[in-house]
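Read the structure below first, then the notes.
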Amino acid sequence: MIFRDKLQIATDGRGTYDLSANVQQVVAASGIGTGMCHVFIHHTSASLMLCENADPDVMRDLETFMSRQVPDGDPMFMHTAEGPDDMPAHIRSILTQSDLNLPVSDGQCSLGTWQGIYLWEHRLAPHSRHVTVTVQGE
Amino acid sequence: MIFRDKLQIATDGRGTYDLSANVQQVVAASGIGTGMCHVFIHHTSASLMLCENADPDVMRDLETFMSRQVPDGDPMFMHTAEGPDDMPAHIRSILTQSDLNLPVSDGQCSLGTWQGIYLWEHRLAPHSRHVTVTVQGE
Amino acid sequence: MIFRDKLQIATDGRGTYDLSANVQQVVAASGIGTGMCHVFIHHTSASLMLCENADPDVMRDLETFMSRQVPDGDPMFMHTAEGPDDMPAHIRSILTQSDLNLPVSDGQCSLGTWQGIYLWEHRLAPHSRHVTVTVQGE
């Protein structure tokens, strides 16, 4: 059995957005008890990750780290049509995930205690992001 | 239903190779309308990614970035049996993806407008790369 | 058909642990010949990867690289409640994988010759790590 739903996430610019509840709602709606849940983002300048979900400092530190690793406006980048955050957004996406596959048990994604599902908006400006959630199983 | 096909990609050394058409052909051949498409590379010195597919500068910038992050011939590397690009190829592979899972809708991979499926050859010399595409669904 | 088993891996601190045999045993026990094998780690401070499995220098070089990219105790990190390796462990996990999806053929994970399945413990202290292996197919 395959159940699919789409999420549209309005971001207000660079930062992380917790999708855990949205994804768990799709799994619940599917009626599937055991199987897999797949989360996919249809963009190359925003990405997905599983990350610690308790301390807001983690998200701040992640942003600090990435901003140092992939600096906006680095003169090595030629692809700057959409601004200094254009190419860094693609690289940040590649260094993280465009899709996550999660085990479903007892009718929900079986995440670790501290695992949250996050969308990471890498562009500075607000965007509307499309995410497809697919639940497969019994 | 499970449909599987293998791709053999001849690379002419370090660089990116657009597999989008190859993968979409396997999905079309599967006859599956709704499900998942999985792409897997059987190597540890070449990898997969989803990336912006319109501006060639993106691929050049990616290469520039990775060459700076993981320099060939960095003296910290002990694993140099196959040359200065040997260990960097493994690290580049680990920082990107060995497998991609993509939703299938209406008989094709439902990618975002700017998402292309790329093989990234990390070795300097030409290689023959094996990729398995699996389509599951209805 | 869906078959699932759980692995509990006792680590003795930072380093890599080869799970290839453990995962292949689950696939064998499933009785599934053709399909997919999914490996998931329920933590945000340890991760999974596919990597070269022959030369121990590769694992040493990986550790050297990551320690340079994401230094323990870097003063930019605010999230240090569990020590100088706390935030670096989250970042290392995000830069690698929390889940791997592998094709199953002829009753086993169809890996490349040099591909091993590794758990990468990023915390300095020993931990008990939970991994779920799901095999789907025919």
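Ordering of the structure tokens sets the chain letters (A, B, ...), residue numbers begin anew at 1 in every chain, and ligands are numbered from 1 in the order given.
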
How would chain A read as a short mmCIF file (atom, residue, chain, number, x, y, z; two decimals) with N, CA and C atoms, in the first residue's frame after a least-squares superposition onto chain B over every Cα atom, matched in order?
data_model
loop_
_atom_site.label_atom_id
_atom_site.label_comp_id
_atom_site.auth_asym_id
_atom_site.auth_seq_id
_atom_site.Cartn_x
_atom_site.Cartn_y
_atom_site.Cartn_z
N MET A 1 5.22 -4.31 -6.91
CA MET A 1 5.99 -4.63 -8.10
C MET A 1 7.37 -3.98 -8.03
N ILE A 2 8.38 -4.76 -8.40
CA ILE A 2 9.76 -4.27 -8.38
C ILE A 2 10.36 -4.43 -9.77
N PHE A 3 10.93 -3.34 -10.27
CA PHE A 3 11.60 -3.36 -11.57
C PHE A 3 13.01 -2.82 -11.36
N ARG A 4 13.98 -3.51 -11.95
CA ARG A 4 15.37 -3.09 -11.70
C ARG A 4 16.15 -3.11 -13.00
N ASP A 5 17.01 -2.11 -13.15
CA ASP A 5 17.91 -2.09 -14.31
C ASP A 5 19.25 -1.53 -13.85
N LYS A 6 20.26 -1.85 -14.61
CA LYS A 6 21.61 -1.39 -14.27
C LYS A 6 22.11 -0.45 -15.34
N LEU A 7 22.80 0.58 -14.88
CA LEU A 7 23.43 1.51 -15.80
C LEU A 7 24.94 1.35 -15.67
N GLN A 8 25.63 1.45 -16.78
CA GLN A 8 27.08 1.50 -16.73
C GLN A 8 27.50 2.83 -17.34
N ILE A 9 28.17 3.63 -16.54
CA ILE A 9 28.50 4.98 -16.96
C ILE A 9 30.02 5.08 -17.12
N ALA A 10 30.44 5.40 -18.32
CA ALA A 10 31.87 5.60 -18.58
C ALA A 10 32.19 7.06 -18.31
N THR A 11 33.01 7.32 -17.31
CA THR A 11 33.39 8.71 -17.03
C THR A 11 34.74 8.98 -17.68
N ASP A 12 34.99 10.23 -17.99
CA ASP A 12 36.34 10.58 -18.46
C ASP A 12 37.09 11.36 -17.39
N GLY A 13 36.86 10.97 -16.15
CA GLY A 13 37.59 11.56 -15.03
C GLY A 13 36.72 12.51 -14.24
N ARG A 14 37.33 13.17 -13.29
CA ARG A 14 36.62 14.01 -12.32
C ARG A 14 35.66 14.97 -13.01
N GLY A 15 34.44 15.01 -12.48
CA GLY A 15 33.43 15.89 -13.03
C GLY A 15 32.05 15.30 -12.78
N THR A 16 31.03 16.03 -13.21
CA THR A 16 29.65 15.60 -12.97
C THR A 16 29.01 15.14 -14.29
N TYR A 17 28.14 14.14 -14.16
CA TYR A 17 27.49 13.52 -15.32
C TYR A 17 26.00 13.45 -15.04
N ASP A 18 25.21 14.03 -15.89
CA ASP A 18 23.76 14.11 -15.68
C ASP A 18 23.11 12.78 -16.04
N LEU A 19 22.55 12.10 -15.04
CA LEU A 19 21.90 10.80 -15.26
C LEU A 19 20.39 10.92 -15.34
N SER A 20 19.86 12.12 -15.33
CA SER A 20 18.40 12.28 -15.23
C SER A 20 17.67 11.51 -16.32
N ALA A 21 18.12 11.65 -17.56
CA ALA A 21 17.42 10.98 -18.66
C ALA A 21 17.54 9.46 -18.53
N ASN A 22 18.72 8.98 -18.13
CA ASN A 22 18.90 7.53 -17.96
C ASN A 22 17.94 6.98 -16.91
N VAL A 23 17.82 7.71 -15.81
CA VAL A 23 16.96 7.22 -14.73
C VAL A 23 15.49 7.29 -15.15
N GLN A 24 15.11 8.37 -15.79
CA GLN A 24 13.71 8.49 -16.23
C GLN A 24 13.36 7.40 -17.24
N GLN A 25 14.31 6.99 -18.05
CA GLN A 25 14.05 5.90 -19.01
C GLN A 25 13.76 4.59 -18.29
N VAL A 26 14.47 4.33 -17.20
CA VAL A 26 14.21 3.10 -16.43
C VAL A 26 12.82 3.16 -15.82
N VAL A 27 12.46 4.32 -15.30
CA VAL A 27 11.11 4.46 -14.71
C VAL A 27 10.05 4.23 -15.78
N ALA A 28 10.25 4.81 -16.94
CA ALA A 28 9.28 4.61 -18.03
C ALA A 28 9.18 3.13 -18.41
N ALA A 29 10.33 2.47 -18.49
CA ALA A 29 10.35 1.04 -18.88
C ALA A 29 9.66 0.17 -17.84
N SER A 30 9.65 0.62 -16.59
CA SER A 30 9.07 -0.19 -15.52
C SER A 30 7.56 -0.28 -15.63
N GLY A 31 6.94 0.71 -16.26
CA GLY A 31 5.48 0.75 -16.34
C GLY A 31 4.83 1.13 -15.03
N ILE A 32 5.63 1.49 -14.03
CA ILE A 32 5.07 1.85 -12.72
C ILE A 32 4.64 3.32 -12.73
N GLY A 33 3.45 3.56 -12.22
CA GLY A 33 2.90 4.91 -12.24
C GLY A 33 3.16 5.68 -10.96
N THR A 34 2.99 5.00 -9.84
CA THR A 34 3.12 5.63 -8.52
C THR A 34 4.00 4.76 -7.64
N GLY A 35 5.02 5.36 -7.07
CA GLY A 35 5.90 4.60 -6.19
C GLY A 35 7.17 5.35 -5.91
N MET A 36 8.28 4.58 -5.86
CA MET A 36 9.58 5.18 -5.56
C MET A 36 10.61 4.68 -6.56
N CYS A 37 11.58 5.53 -6.84
CA CYS A 37 12.72 5.17 -7.68
C CYS A 37 13.99 5.34 -6.86
N HIS A 38 14.76 4.28 -6.79
CA HIS A 38 15.99 4.30 -5.99
C HIS A 38 17.20 4.17 -6.90
N VAL A 39 18.15 5.05 -6.70
CA VAL A 39 19.37 5.05 -7.50
C VAL A 39 20.55 4.78 -6.57
N PHE A 40 21.37 3.81 -6.92
CA PHE A 40 22.46 3.38 -6.05
C PHE A 40 23.75 3.26 -6.85
N ILE A 41 24.84 3.79 -6.31
CA ILE A 41 26.13 3.67 -6.98
C ILE A 41 27.02 2.70 -6.18
N HIS A 42 27.60 1.74 -6.91
CA HIS A 42 28.33 0.65 -6.26
C HIS A 42 29.82 0.99 -6.09
N HIS A 43 30.13 2.20 -5.69
CA HIS A 43 31.53 2.62 -5.59
C HIS A 43 31.70 3.55 -4.39
N THR A 44 32.95 3.69 -3.95
CA THR A 44 33.24 4.59 -2.83
C THR A 44 34.13 5.75 -3.26
N SER A 45 34.31 5.92 -4.56
CA SER A 45 35.09 7.07 -5.03
C SER A 45 34.36 7.83 -6.13
N ALA A 46 33.08 7.59 -6.23
CA ALA A 46 32.18 8.38 -7.07
C ALA A 46 30.84 8.37 -6.33
N SER A 47 30.03 9.39 -6.52
CA SER A 47 28.81 9.49 -5.72
C SER A 47 27.67 10.08 -6.53
N LEU A 48 26.54 10.24 -5.86
CA LEU A 48 25.33 10.76 -6.49
C LEU A 48 24.90 12.05 -5.79
N MET A 49 24.18 12.87 -6.52
CA MET A 49 23.57 14.05 -5.88
C MET A 49 22.44 14.54 -6.75
N LEU A 50 21.55 15.28 -6.10
CA LEU A 50 20.56 16.10 -6.79
C LEU A 50 21.11 17.51 -6.79
N CYS A 51 21.11 18.15 -7.93
CA CYS A 51 21.64 19.52 -7.98
C CYS A 51 20.96 20.33 -9.08
N GLU A 52 21.11 21.61 -8.96
CA GLU A 52 20.63 22.57 -9.94
C GLU A 52 21.13 22.16 -11.33
N ASN A 53 20.23 22.18 -12.31
CA ASN A 53 20.54 21.58 -13.60
C ASN A 53 20.59 22.58 -14.76
N ALA A 54 20.62 23.87 -14.46
CA ALA A 54 20.47 24.85 -15.54
C ALA A 54 21.76 25.59 -15.88
N ASP A 55 22.52 25.97 -14.87
CA ASP A 55 23.69 26.84 -15.10
C ASP A 55 24.97 26.03 -14.90
N PRO A 56 25.77 25.87 -15.95
CA PRO A 56 27.02 25.09 -15.83
C PRO A 56 27.97 25.65 -14.77
N ASP A 57 27.83 26.92 -14.43
CA ASP A 57 28.67 27.48 -13.37
C ASP A 57 28.47 26.77 -12.04
N VAL A 58 27.28 26.22 -11.83
CA VAL A 58 27.03 25.54 -10.56
C VAL A 58 27.97 24.35 -10.41
N MET A 59 28.13 23.57 -11.47
CA MET A 59 29.02 22.40 -11.42
C MET A 59 30.47 22.84 -11.24
N ARG A 60 30.85 23.92 -11.89
CA ARG A 60 32.22 24.43 -11.72
C ARG A 60 32.44 24.90 -10.28
N ASP A 61 31.44 25.60 -9.72
CA ASP A 61 31.59 26.09 -8.35
C ASP A 61 31.62 24.93 -7.34
N LEU A 62 30.83 23.90 -7.60
CA LEU A 62 30.85 22.73 -6.73
C LEU A 62 32.25 22.12 -6.70
N GLU A 63 32.83 22.00 -7.87
CA GLU A 63 34.16 21.41 -7.97
C GLU A 63 35.19 22.30 -7.25
N THR A 64 35.08 23.59 -7.44
CA THR A 64 35.99 24.52 -6.77
C THR A 64 35.87 24.39 -5.25
N PHE A 65 34.63 24.33 -4.79
CA PHE A 65 34.39 24.22 -3.35
C PHE A 65 35.01 22.93 -2.80
N MET A 66 34.70 21.81 -3.45
CA MET A 66 35.17 20.52 -2.93
C MET A 66 36.70 20.42 -2.99
N SER A 67 37.28 20.98 -4.03
CA SER A 67 38.74 20.94 -4.14
C SER A 67 39.40 21.74 -3.02
N ARG A 68 38.72 22.75 -2.54
CA ARG A 68 39.26 23.53 -1.42
C ARG A 68 39.01 22.81 -0.09
N GLN A 69 37.83 22.19 0.03
CA GLN A 69 37.50 21.52 1.29
C GLN A 69 38.33 20.26 1.50
N VAL A 70 38.54 19.53 0.41
CA VAL A 70 39.20 18.22 0.49
C VAL A 70 40.32 18.22 -0.55
N PRO A 71 41.44 18.87 -0.24
CA PRO A 71 42.47 19.06 -1.27
C PRO A 71 43.17 17.74 -1.64
N ASP A 72 43.32 17.51 -2.93
CA ASP A 72 44.14 16.40 -3.39
C ASP A 72 45.54 16.55 -2.83
N GLY A 73 46.11 15.43 -2.41
CA GLY A 73 47.50 15.45 -1.96
C GLY A 73 47.72 16.10 -0.61
N ASP A 74 46.65 16.34 0.15
CA ASP A 74 46.83 16.92 1.48
C ASP A 74 47.72 15.99 2.32
N PRO A 75 48.77 16.54 2.94
CA PRO A 75 49.70 15.66 3.67
C PRO A 75 49.08 14.96 4.88
N MET A 76 47.87 15.34 5.28
CA MET A 76 47.24 14.62 6.40
C MET A 76 46.78 13.22 5.98
N PHE A 77 46.69 12.96 4.69
CA PHE A 77 46.16 11.66 4.25
C PHE A 77 47.26 10.60 4.16
N MET A 78 47.00 9.43 4.76
CA MET A 78 47.93 8.30 4.70
C MET A 78 47.56 7.35 3.55
N HIS A 79 46.26 7.31 3.21
CA HIS A 79 45.76 6.38 2.20
C HIS A 79 45.98 7.01 0.82
N THR A 80 47.15 6.76 0.24
CA THR A 80 47.51 7.40 -1.03
C THR A 80 47.94 6.37 -2.07
N ALA A 81 47.56 5.11 -1.84
CA ALA A 81 48.05 4.04 -2.72
C ALA A 81 47.74 4.31 -4.18
N GLU A 82 46.57 4.88 -4.44
CA GLU A 82 46.18 5.11 -5.84
C GLU A 82 46.39 6.55 -6.28
N GLY A 83 47.10 7.31 -5.46
CA GLY A 83 47.42 8.68 -5.88
C GLY A 83 46.83 9.73 -4.97
N PRO A 84 47.13 10.99 -5.27
CA PRO A 84 46.73 12.11 -4.41
C PRO A 84 45.22 12.34 -4.37
N ASP A 85 44.49 11.76 -5.33
CA ASP A 85 43.03 11.92 -5.38
C ASP A 85 42.30 10.73 -4.76
N ASP A 86 43.02 9.77 -4.20
CA ASP A 86 42.43 8.53 -3.70
C ASP A 86 41.57 8.80 -2.46
N MET A 87 42.20 9.28 -1.40
CA MET A 87 41.45 9.53 -0.17
C MET A 87 40.44 10.66 -0.35
N PRO A 88 40.81 11.77 -1.02
CA PRO A 88 39.78 12.79 -1.27
C PRO A 88 38.53 12.23 -1.96
N ALA A 89 38.70 11.26 -2.86
CA ALA A 89 37.53 10.69 -3.54
C ALA A 89 36.61 9.98 -2.54
N HIS A 90 37.20 9.28 -1.57
CA HIS A 90 36.36 8.62 -0.56
C HIS A 90 35.62 9.67 0.29
N ILE A 91 36.33 10.70 0.68
CA ILE A 91 35.69 11.72 1.54
C ILE A 91 34.59 12.47 0.78
N ARG A 92 34.87 12.85 -0.45
CA ARG A 92 33.83 13.52 -1.26
C ARG A 92 32.59 12.64 -1.40
N SER A 93 32.81 11.33 -1.52
CA SER A 93 31.67 10.41 -1.65
C SER A 93 30.85 10.40 -0.37
N ILE A 94 31.55 10.41 0.76
CA ILE A 94 30.85 10.36 2.05
C ILE A 94 30.10 11.66 2.33
N LEU A 95 30.64 12.76 1.86
CA LEU A 95 29.98 14.06 2.09
C LEU A 95 28.79 14.27 1.16
N THR A 96 28.68 13.46 0.13
CA THR A 96 27.51 13.56 -0.76
C THR A 96 26.68 12.28 -0.58
N GLN A 97 26.23 11.61 -1.63
CA GLN A 97 25.31 10.49 -1.46
C GLN A 97 25.76 9.27 -2.26
N SER A 98 25.51 8.10 -1.71
CA SER A 98 25.67 6.87 -2.48
C SER A 98 24.33 6.37 -3.00
N ASP A 99 23.25 6.83 -2.39
CA ASP A 99 21.93 6.43 -2.89
C ASP A 99 20.95 7.58 -2.79
N LEU A 100 20.04 7.62 -3.75
CA LEU A 100 18.96 8.61 -3.79
C LEU A 100 17.64 7.87 -3.92
N ASN A 101 16.64 8.34 -3.21
CA ASN A 101 15.31 7.76 -3.31
C ASN A 101 14.37 8.87 -3.75
N LEU A 102 13.65 8.63 -4.85
CA LEU A 102 12.88 9.70 -5.48
C LEU A 102 11.44 9.25 -5.67
N PRO A 103 10.48 10.12 -5.36
CA PRO A 103 9.08 9.74 -5.57
C PRO A 103 8.77 9.62 -7.06
N VAL A 104 7.99 8.60 -7.41
CA VAL A 104 7.50 8.42 -8.78
C VAL A 104 6.01 8.77 -8.80
N SER A 105 5.64 9.68 -9.70
CA SER A 105 4.23 10.04 -9.90
C SER A 105 3.98 10.13 -11.40
N ASP A 106 2.82 9.68 -11.82
CA ASP A 106 2.48 9.76 -13.24
C ASP A 106 3.57 9.15 -14.12
N GLY A 107 4.17 8.08 -13.63
CA GLY A 107 5.12 7.34 -14.46
C GLY A 107 6.48 7.96 -14.62
N GLN A 108 6.80 8.95 -13.77
CA GLN A 108 8.17 9.50 -13.83
C GLN A 108 8.62 10.00 -12.46
N CYS A 109 9.93 10.14 -12.31
CA CYS A 109 10.45 10.72 -11.08
C CYS A 109 9.94 12.14 -10.97
N SER A 110 9.34 12.42 -9.85
CA SER A 110 8.73 13.73 -9.63
C SER A 110 9.78 14.67 -9.03
N LEU A 111 10.64 15.18 -9.90
CA LEU A 111 11.71 16.09 -9.45
C LEU A 111 11.24 17.53 -9.51
N GLY A 112 11.87 18.38 -8.72
CA GLY A 112 11.64 19.81 -8.84
C GLY A 112 12.14 20.30 -10.19
N THR A 113 11.66 21.47 -10.57
CA THR A 113 12.00 22.04 -11.88
C THR A 113 13.49 22.08 -12.13
N TRP A 114 14.26 22.38 -11.09
CA TRP A 114 15.71 22.60 -11.27
C TRP A 114 16.54 21.44 -10.75
N GLN A 115 15.88 20.34 -10.38
CA GLN A 115 16.63 19.20 -9.84
C GLN A 115 17.08 18.25 -10.93
N GLY A 116 18.38 18.05 -11.05
CA GLY A 116 18.93 17.02 -11.91
C GLY A 116 19.60 15.95 -11.07
N ILE A 117 19.66 14.73 -11.61
CA ILE A 117 20.31 13.60 -10.94
C ILE A 117 21.71 13.49 -11.52
N TYR A 118 22.72 13.65 -10.67
CA TYR A 118 24.10 13.64 -11.15
C TYR A 118 24.94 12.54 -10.53
N LEU A 119 25.78 11.95 -11.35
CA LEU A 119 26.90 11.16 -10.86
C LEU A 119 28.09 12.10 -10.78
N TRP A 120 28.79 12.04 -9.66
CA TRP A 120 29.98 12.88 -9.49
C TRP A 120 31.19 11.94 -9.42
N GLU A 121 31.96 11.96 -10.48
CA GLU A 121 33.22 11.19 -10.52
C GLU A 121 34.26 11.99 -9.75
N HIS A 122 34.84 11.35 -8.73
CA HIS A 122 35.82 12.06 -7.90
C HIS A 122 37.26 11.69 -8.23
N ARG A 123 37.45 10.62 -8.99
CA ARG A 123 38.82 10.25 -9.39
C ARG A 123 39.22 11.06 -10.62
N LEU A 124 40.50 11.32 -10.74
CA LEU A 124 40.98 12.10 -11.88
C LEU A 124 40.94 11.31 -13.18
N ALA A 125 41.16 10.01 -13.10
CA ALA A 125 41.22 9.17 -14.29
C ALA A 125 39.82 8.68 -14.69
N PRO A 126 39.63 8.35 -15.95
CA PRO A 126 38.36 7.76 -16.39
C PRO A 126 38.06 6.45 -15.66
N HIS A 127 36.79 6.22 -15.39
CA HIS A 127 36.35 4.99 -14.74
C HIS A 127 35.04 4.53 -15.35
N SER A 128 34.77 3.24 -15.19
CA SER A 128 33.46 2.69 -15.55
C SER A 128 32.68 2.52 -14.25
N ARG A 129 31.55 3.19 -14.14
CA ARG A 129 30.79 3.22 -12.89
C ARG A 129 29.47 2.48 -13.03
N HIS A 130 29.17 1.66 -12.02
CA HIS A 130 27.96 0.85 -12.03
C HIS A 130 26.91 1.47 -11.11
N VAL A 131 25.72 1.61 -11.67
CA VAL A 131 24.60 2.22 -10.95
C VAL A 131 23.40 1.29 -11.09
N THR A 132 22.71 1.02 -9.98
CA THR A 132 21.50 0.21 -10.02
C THR A 132 20.30 1.11 -9.77
N VAL A 133 19.30 0.98 -10.65
CA VAL A 133 18.06 1.75 -10.50
C VAL A 133 16.93 0.76 -10.20
N THR A 134 16.23 0.99 -9.09
CA THR A 134 15.14 0.12 -8.68
C THR A 134 13.86 0.95 -8.61
N VAL A 135 12.82 0.49 -9.27
CA VAL A 135 11.53 1.18 -9.24
C VAL A 135 10.54 0.25 -8.54
N GLN A 136 9.86 0.78 -7.54
CA GLN A 136 8.87 -0.01 -6.81
C GLN A 136 7.56 0.73 -6.80
N GLY A 137 6.46 0.00 -6.93
CA GLY A 137 5.18 0.67 -6.84
C GLY A 137 4.10 -0.05 -7.61
N GLU A 138 3.13 0.74 -8.07
CA GLU A 138 1.92 0.19 -8.67
C GLU A 138 1.78 0.66 -10.11
#

(message) Taking the DSSP secondary structure from the backbone, can you list the residues of chain B that are alpha helix (DSSP H), as a ChimeraX atom specification?
(response) /B:20-30,56-69,86-95

Please produce an output containing N, CA and C atoms for each residue in the selection, written as a CSV table (one decimal), in the first residue's frame.
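See part_27.csv below for the written result:
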chain,number,residue,atom,x,y,z
B,20,SER,N,19.9,12.1,-15.3
B,20,SER,CA,18.4,12.3,-15.2
B,20,SER,C,17.7,11.5,-16.3
B,21,ALA,N,18.1,11.7,-17.6
B,21,ALA,CA,17.4,11.0,-18.7
B,21,ALA,C,17.5,9.5,-18.5
B,22,ASN,N,18.7,9.0,-18.1
B,22,ASN,CA,18.9,7.5,-18.0
B,22,ASN,C,17.9,7.0,-16.9
B,23,VAL,N,17.8,7.7,-15.8
B,23,VAL,CA,17.0,7.2,-14.7
B,23,VAL,C,15.5,7.3,-15.2
B,24,GLN,N,15.1,8.4,-15.8
B,24,GLN,CA,13.7,8.5,-16.2
B,24,GLN,C,13.4,7.4,-17.2
B,25,GLN,N,14.3,7.0,-18.0
B,25,GLN,CA,14.1,5.9,-19.0
B,25,GLN,C,13.8,4.6,-18.3
B,26,VAL,N,14.5,4.3,-17.2
B,26,VAL,CA,14.2,3.1,-16.4
B,26,VAL,C,12.8,3.2,-15.8
B,27,VAL,N,12.5,4.3,-15.3
B,27,VAL,CA,11.1,4.5,-14.7
B,27,VAL,C,10.1,4.2,-15.8
B,28,ALA,N,10.2,4.8,-16.9
B,28,ALA,CA,9.3,4.6,-18.0
B,28,ALA,C,9.2,3.1,-18.4
B,29,ALA,N,10.3,2.5,-18.5
B,29,ALA,CA,10.4,1.1,-18.9
B,29,ALA,C,9.7,0.2,-17.8
B,30,SER,N,9.7,0.6,-16.6
B,30,SER,CA,9.1,-0.2,-15.5
B,30,SER,C,7.6,-0.3,-15.6
B,56,PRO,N,25.8,25.9,-16.0
B,56,PRO,CA,27.0,25.1,-15.8
B,56,PRO,C,28.0,25.6,-14.8
B,57,ASP,N,27.8,26.9,-14.4
B,57,ASP,CA,28.7,27.5,-13.4
B,57,ASP,C,28.5,26.8,-12.0
B,58,VAL,N,27.3,26.2,-11.8
B,58,VAL,CA,27.0,25.5,-10.6
B,58,VAL,C,28.0,24.3,-10.4
B,59,MET,N,28.1,23.6,-11.5
B,59,MET,CA,29.0,22.4,-11.4
B,59,MET,C,30.5,22.8,-11.2
B,60,ARG,N,30.9,23.9,-11.9
B,60,ARG,CA,32.2,24.4,-11.7
B,60,ARG,C,32.4,24.9,-10.3
B,61,ASP,N,31.5,25.6,-9.7
B,61,ASP,CA,31.6,26.1,-8.4
B,61,ASP,C,31.6,24.9,-7.3
B,62,LEU,N,30.8,23.9,-7.6
B,62,LEU,CA,30.9,22.7,-6.7
B,62,LEU,C,32.3,22.1,-6.7
B,63,GLU,N,32.8,22.0,-7.9
B,63,GLU,CA,34.2,21.4,-8.0
B,63,GLU,C,35.2,22.3,-7.3
B,64,THR,N,35.1,23.6,-7.4
B,64,THR,CA,36.0,24.5,-6.8
B,64,THR,C,35.9,24.4,-5.3
B,65,PHE,N,34.6,24.3,-4.8
B,65,PHE,CA,34.4,24.2,-3.4
B,65,PHE,C,35.0,22.9,-2.8
B,66,MET,N,34.7,21.8,-3.5
B,66,MET,CA,35.2,20.5,-2.9
B,66,MET,C,36.7,20.4,-3.0
B,67,SER,N,37.3,21.0,-4.0
B,67,SER,CA,38.7,20.9,-4.1
B,67,SER,C,39.4,21.7,-3.0
B,68,ARG,N,38.7,22.8,-2.5
B,68,ARG,CA,39.2,23.5,-1.4
B,68,ARG,C,39.0,22.8,-0.1
B,69,GLN,N,37.8,22.2,0.0
B,69,GLN,CA,37.5,21.5,1.3
B,69,GLN,C,38.3,20.2,1.5
B,86,ASP,N,43.0,9.8,-4.2
B,86,ASP,CA,42.4,8.5,-3.7
B,86,ASP,C,41.6,8.8,-2.5
B,87,MET,N,42.2,9.3,-1.4
B,87,MET,CA,41.4,9.5,-0.2
B,87,MET,C,40.4,10.7,-0.4
B,88,PRO,N,40.8,11.8,-1.0
B,88,PRO,CA,39.8,12.8,-1.3
B,88,PRO,C,38.5,12.2,-2.0
B,89,ALA,N,38.7,11.3,-2.9
B,89,ALA,CA,37.5,10.7,-3.5
B,89,ALA,C,36.6,10.0,-2.6
B,90,HIS,N,37.2,9.3,-1.6
B,90,HIS,CA,36.4,8.6,-0.6
B,90,HIS,C,35.6,9.7,0.3
B,91,ILE,N,36.3,10.7,0.7
B,91,ILE,CA,35.7,11.7,1.5
B,91,ILE,C,34.6,12.5,0.8
B,92,ARG,N,34.9,12.9,-0.4
B,92,ARG,CA,33.8,13.5,-1.3
B,92,ARG,C,32.6,12.6,-1.4
B,93,SER,N,32.8,11.3,-1.5
B,93,SER,CA,31.7,10.4,-1.7
B,93,SER,C,30.8,10.4,-0.4
B,94,ILE,N,31.5,10.4,0.8
B,94,ILE,CA,30.9,10.3,2.0
B,94,ILE,C,30.1,11.6,2.3
B,95,LEU,N,30.6,12.8,1.9
B,95,LEU,CA,30.0,14.1,2.1
B,95,LEU,C,28.8,14.3,1.2

(request) Determine which residues of chain B receive a DSSP assignment of strand (DSSP E), computed from the backbone, and state them as a PyMOL selection string. (result) chain B and resi 2-10+15-18+35-41+46-52+99-105+108-109+115-121+128-137
